[in-house]
Each structure stands twice: as C-alpha cells, then as structure tokens.
$ cat target.csv   # CSV, C-alpha atoms
chain,number,residue,atom,x,y,z
H,1,MET,CA,201.8,163.9,65.9
H,2,ALA,CA,200.2,161.1,64.0
H,3,TYR,CA,196.5,161.4,63.2
H,4,SER,CA,194.1,158.7,62.2
H,5,VAL,CA,191.4,159.0,59.5
H,6,LEU,CA,188.9,160.3,62.0
H,7,GLY,CA,191.2,163.0,63.3
H,8,ALA,CA,191.9,161.4,66.7
H,9,GLY,CA,195.4,161.5,68.0
H,10,TYR,CA,197.6,158.4,68.4
H,11,ARG,CA,197.2,158.5,72.2
H,12,ASP,CA,193.4,158.6,71.8
H,13,CYS,CA,193.5,155.4,69.8
H,14,LEU,CA,195.6,153.5,72.4
H,15,GLY,CA,192.4,152.7,74.5
H,16,VAL,CA,190.7,151.2,71.5
H,17,VAL,CA,193.8,149.2,70.5
H,18,SER,CA,194.2,147.8,74.1
H,19,THR,CA,190.6,146.9,74.1
H,20,LEU,CA,190.9,145.0,70.9
H,21,ASP,CA,194.0,143.2,72.2
H,22,ASN,CA,192.1,142.0,75.3
H,23,ARG,CA,189.0,140.8,73.4
H,24,TYR,CA,189.8,137.1,74.0
H,25,LYS,CA,190.0,137.4,77.7
H,26,ILE,CA,186.8,135.9,79.1
H,27,THR,CA,186.3,135.6,82.9
H,28,THR,CA,184.4,133.0,84.8
H,29,PRO,CA,181.4,135.3,85.6
H,30,ASP,CA,181.1,136.1,81.9
H,31,VAL,CA,180.9,132.4,81.0
H,32,ARG,CA,178.4,131.9,83.8
H,33,VAL,CA,176.2,134.7,82.6
H,34,LEU,CA,176.3,133.3,79.0
H,35,LEU,CA,175.4,129.8,80.2
H,36,ARG,CA,172.6,131.1,82.3
H,37,ALA,CA,171.1,133.1,79.4
H,38,PHE,CA,171.5,130.0,77.2
H,39,LEU,CA,169.6,128.0,79.8
H,40,PHE,CA,166.7,130.4,79.9
H,41,VAL,CA,166.4,130.3,76.1
H,42,PHE,CA,167.2,126.7,75.4
H,43,LEU,CA,165.4,124.9,78.2
H,44,PRO,CA,161.8,126.0,77.4
H,45,LEU,CA,162.3,125.2,73.7
H,46,TYR,CA,163.8,121.8,74.5
H,47,LEU,CA,161.0,120.9,76.9
H,48,ALA,CA,158.3,121.9,74.4
H,49,ARG,CA,159.7,120.5,71.2
H,50,GLU,CA,161.8,117.5,72.1
H,51,LEU,CA,160.2,116.2,75.4
H,52,GLN,CA,156.7,117.2,74.4
H,53,PHE,CA,156.0,119.0,77.7
H,54,PRO,CA,152.6,120.8,77.9
H,55,GLU,CA,152.7,124.5,78.3
H,56,ILE,CA,151.9,124.3,82.0
H,57,GLY,CA,154.8,121.8,82.4
H,58,VAL,CA,157.3,124.2,80.7
H,59,GLY,CA,156.0,127.1,82.9
H,60,ALA,CA,156.3,125.0,86.1
H,61,THR,CA,159.8,124.0,85.2
H,62,MET,CA,160.9,127.5,84.6
H,63,PHE,CA,159.2,128.6,87.8
H,64,GLY,CA,160.9,125.9,89.7
H,65,LEU,CA,164.3,127.1,88.3
H,66,GLN,CA,163.5,130.6,89.6
H,67,VAL,CA,162.3,129.3,93.0
H,68,GLY,CA,165.4,127.2,93.4
H,69,ALA,CA,167.5,130.3,92.6
H,70,LEU,CA,165.5,132.4,95.1
H,71,LEU,CA,166.1,129.8,97.9
H,72,GLY,CA,169.7,129.2,97.0
H,73,THR,CA,171.1,132.8,96.9
H,74,PRO,CA,170.6,133.6,100.6
H,75,PHE,CA,172.2,130.3,101.6
H,76,ALA,CA,175.2,131.1,99.4
H,77,GLY,CA,175.5,134.6,100.8
H,78,ILE,CA,176.0,133.2,104.3
H,79,ALA,CA,178.0,130.1,103.5
H,80,PRO,CA,181.3,131.8,102.4
H,81,ASP,CA,181.4,133.6,105.8
H,82,ARG,CA,181.5,130.3,107.6
H,83,PHE,CA,183.4,128.2,105.0
H,84,SER,CA,186.0,129.1,102.4
H,85,ARG,CA,185.0,130.2,98.9
H,86,ARG,CA,186.9,127.4,97.4
H,87,SER,CA,184.9,124.7,99.3
H,88,ILE,CA,181.6,126.4,98.4
H,89,MET,CA,182.6,126.5,94.7
H,90,LEU,CA,183.7,122.8,94.8
H,91,VAL,CA,180.5,121.7,96.5
H,92,GLY,CA,178.3,123.8,94.2
H,93,LEU,CA,179.9,122.7,91.0
H,94,THR,CA,179.9,119.0,92.1
H,95,LEU,CA,176.2,119.2,93.0
H,96,SER,CA,175.4,120.9,89.7
H,97,THR,CA,177.1,118.2,87.8
H,98,ALA,CA,175.3,115.5,89.8
H,99,ALA,CA,172.0,117.3,89.3
H,100,LEU,CA,172.5,117.5,85.5
H,101,LEU,CA,173.3,113.8,85.4
H,102,ALA,CA,170.3,113.0,87.5
H,103,ILE,CA,168.0,115.1,85.2
H,104,ILE,CA,169.2,113.2,82.2
H,105,ALA,CA,168.1,109.9,83.7
H,106,VAL,CA,164.7,111.1,85.0
H,107,GLU,CA,161.7,110.0,83.0
H,108,ASN,CA,158.9,111.4,85.3
H,109,GLU,CA,157.8,115.0,84.6
H,110,LEU,CA,157.4,115.8,88.3
H,111,LEU,CA,160.9,114.6,89.2
H,112,PHE,CA,162.2,116.5,86.2
H,113,VAL,CA,160.7,119.7,87.6
H,114,ALA,CA,162.2,119.0,91.0
H,115,GLY,CA,165.6,118.3,89.5
H,116,VAL,CA,165.5,121.6,87.6
H,117,SER,CA,164.5,123.3,90.8
H,118,PHE,CA,167.5,121.8,92.6
H,119,LEU,CA,169.7,122.7,89.6
H,120,GLY,CA,168.5,126.3,89.9
H,121,PHE,CA,169.3,126.2,93.7
H,122,VAL,CA,172.8,125.0,93.0
H,123,LEU,CA,173.6,127.1,89.9
H,124,PHE,CA,172.4,130.4,91.2
H,125,CYS,CA,173.7,130.0,94.7
H,126,LEU,CA,177.2,130.3,93.2
H,127,ARG,CA,176.4,133.9,92.1
H,128,PRO,CA,177.4,135.6,95.4
H,129,VAL,CA,180.5,133.4,95.8
H,130,ILE,CA,182.1,134.3,92.4

$ encode --input "target.csv" --output "structure tokens"
Amino acid sequence: MAYSVLGAGYRDCLGVVSTLDNRYKITTPDVRVLLRAFLFVFLPLYLARELQFPEIGVGATMFGLQVGALLGTPFAGIAPDRFSRRSIMLVGLTLSTAALLAIIAVENELLFVAGVSFLGFVLFCLRPVI
C-alpha cells in the first residue's frame, strides 16, 4: 500500500486528485454568481468615482437594482411553467443585453436608475430558470 507524506492511503488521495483535475470546470450558475458579485462591488464605485453620482444617487441605484430583482423573481418562477426554459433564457439574455446598451447611452440620472432597475429585473429573474 502506498502512503503519502501525511500518512493517508492512495485511495484516500483519489478524491483530492479528482477535485484538482476538475478545477477548470465552471458552470453557468458559477459565472452568474461571480458576475452578480462583481456588479454589487463595481457599480457603486463606478457611480461615485467616474460618474460623480451623489451618495443618495448611488443608494437609489442600488436600491433600484434590488427592487427590480424583487419584482422579477416571482415572474420568472411562474414563466417556465407556461413557456419553455430555453425561451425564457433567450428573452432574458436579450433584454439584459438591450438594457446594458440602453444604460450606456443614458445621460439623465433618473433614467439611469430606471435602467439599472430594469437590469436587475431581467438579470435576477433568470435565477429560478437556471
């Protein structure tokens, strides 16, 4: 029986080796969680530093993102029961792309907050579908 430095048997080390072999397999929900976390960290900093939003504007934008998510999740929980998951994903990803492109072109702060709210609605409504 082959032993490692720590005294564990070869068969005990197989789980660790298989985990290390699979370290590059990233699933869609993993990427979505990373992007959502990046959005929560990056968006307030971008609004405050680059766009010179006041603190109340940054707070309103982040609140709008959460309200959009709150309103979008129940809709997406019901929608896959009536339509296919593929069509819900296609519509959701298309609308999120359109929302991001619209947010880039917006110059008014109120429309920016509304666009981020819609983005939250679209992005977070995909959570039950995945």

$ residues_around --input "target.csv" --residues "H:Leu126" --least-positions-apart "6" --cutoff "12 Å" --atoms "only C-alpha atoms" --output "list in words"
Thr28, Pro29, Arg32, Val33, Arg36, Ala69, Gly72, Thr73, Pro74, Phe75, Ala76, Gly77, Ile78, Ala79, Pro80, Arg85, Arg86, Ser87, Ile88, Met89, Leu90, Val91, Gly92, Leu93, Thr94, Leu95, Ser96, Leu119 and Gly120 of chain H

$ closest_atom_pairs --input "target.csv" --of "stretch 28-98 of chain H" --to "stretch 112-116 of chain H" --cutoff "10 Å" --atoms "all atoms listed in the file" --output "JSON lines"
{"residue": "H:Leu43", "atom": "CA", "partner": "H:Val116", "partner_atom": "CA", "distance": 10.0}
{"residue": "H:Gly57", "atom": "CA", "partner": "H:Val113", "partner_atom": "CA", "distance": 8.1}
{"residue": "H:Val58", "atom": "CA", "partner": "H:Val113", "partner_atom": "CA", "distance": 8.9}
{"residue": "H:Gly59", "atom": "CA", "partner": "H:Val113", "partner_atom": "CA", "distance": 9.9}
{"residue": "H:Ala60", "atom": "CA", "partner": "H:Val113", "partner_atom": "CA", "distance": 7.0}
{"residue": "H:Thr61", "atom": "CA", "partner": "H:Val113", "partner_atom": "CA", "distance": 5.0}
{"residue": "H:Met62", "atom": "CA", "partner": "H:Val116", "partner_atom": "CA", "distance": 8.1}
{"residue": "H:Phe63", "atom": "CA", "partner": "H:Val113", "partner_atom": "CA", "distance": 9.0}
{"residue": "H:Gly64", "atom": "CA", "partner": "H:Val113", "partner_atom": "CA", "distance": 6.5}
{"residue": "H:Leu65", "atom": "CA", "partner": "H:Val116", "partner_atom": "CA", "distance": 5.7}
{"residue": "H:Gln66", "atom": "CA", "partner": "H:Val116", "partner_atom": "CA", "distance": 9.4}
{"residue": "H:Val67", "atom": "CA", "partner": "H:Val116", "partner_atom": "CA", "distance": 9.9}
{"residue": "H:Gly68", "atom": "CA", "partner": "H:Val116", "partner_atom": "CA", "distance": 8.1}

$ atom_distance --input "target.csv" --atom1 "atom CA of H:Leu70" --atom2 "atom CA of H:Val122"
10.6 Å

$ closest_residue --input "target.csv" --among "H:Pro44, H:Leu51, H:Ala37, H:Asp81" --to "H:Asn108" --atoms "only C-alpha atoms"
H:Leu51

$ closest_residue --input "target.csv" --among "H:Ala105, H:Leu110, H:Phe38, H:Cys125" --to "H:Phe53" --atoms "only C-alpha atoms"
H:Leu110

$ atom_distance --input "target.csv" --atom1 "atom CA of H:Val106" --atom2 "atom CA of H:Leu71"
22.8 Å

$ atom_distance --input "target.csv" --atom1 "atom CA of H:Leu111" --atom2 "atom CA of H:Phe124"
19.6 Å

$ closest_residue --input "target.csv" --among "H:Phe118, H:Glu50, H:Leu39, H:Ser84" --to "H:Ala102" --atoms "all atoms listed in the file"
H:Phe118

$ decode --input "target.csv" --residues "stretch 82-121 of chain H" --atoms "C-alpha atoms" --output "CSV table (one decimal), in the first residue's frame"
chain,number,residue,atom,x,y,z
H,82,ARG,CA,-46.0,28.2,-19.1
H,83,PHE,CA,-43.2,28.6,-21.6
H,84,SER,CA,-40.0,26.6,-22.2
H,85,ARG,CA,-36.9,27.4,-20.2
H,86,ARG,CA,-35.0,28.0,-23.4
H,87,SER,CA,-37.3,30.7,-24.5
H,88,ILE,CA,-37.2,32.4,-21.0
H,89,MET,CA,-33.4,32.3,-21.1
H,90,LEU,CA,-33.3,33.7,-24.6
H,91,VAL,CA,-35.7,36.6,-23.8
H,92,GLY,CA,-33.9,37.3,-20.5
H,93,LEU,CA,-30.5,37.4,-22.0
H,94,THR,CA,-31.6,39.5,-25.0
H,95,LEU,CA,-33.4,42.0,-22.7
H,96,SER,CA,-30.4,42.2,-20.4
H,97,THR,CA,-28.1,43.0,-23.4
H,98,ALA,CA,-30.6,45.6,-24.6
H,99,ALA,CA,-30.8,47.1,-21.1
H,100,LEU,CA,-27.0,47.3,-20.8
H,101,LEU,CA,-26.7,49.0,-24.2
H,102,ALA,CA,-29.5,51.5,-23.2
H,103,ILE,CA,-27.8,52.3,-19.9
H,104,ILE,CA,-24.6,53.2,-21.7
H,105,ALA,CA,-26.4,55.8,-23.8
H,106,VAL,CA,-28.4,57.4,-21.0
H,107,GLU,CA,-27.3,60.7,-19.7
H,108,ASN,CA,-30.1,61.5,-17.2
H,109,GLU,CA,-29.6,60.2,-13.7
H,110,LEU,CA,-33.2,59.3,-13.2
H,111,LEU,CA,-33.3,57.3,-16.4
H,112,PHE,CA,-30.0,55.6,-15.4
H,113,VAL,CA,-31.6,54.5,-12.1
H,114,ALA,CA,-34.7,53.2,-14.0
H,115,GLY,CA,-32.4,51.3,-16.5
H,116,VAL,CA,-30.5,49.7,-13.6
H,117,SER,CA,-33.8,48.7,-12.0
H,118,PHE,CA,-34.9,47.1,-15.3
H,119,LEU,CA,-31.5,45.4,-15.5
H,120,GLY,CA,-32.0,44.0,-12.0
H,121,PHE,CA,-35.4,42.8,-13.1
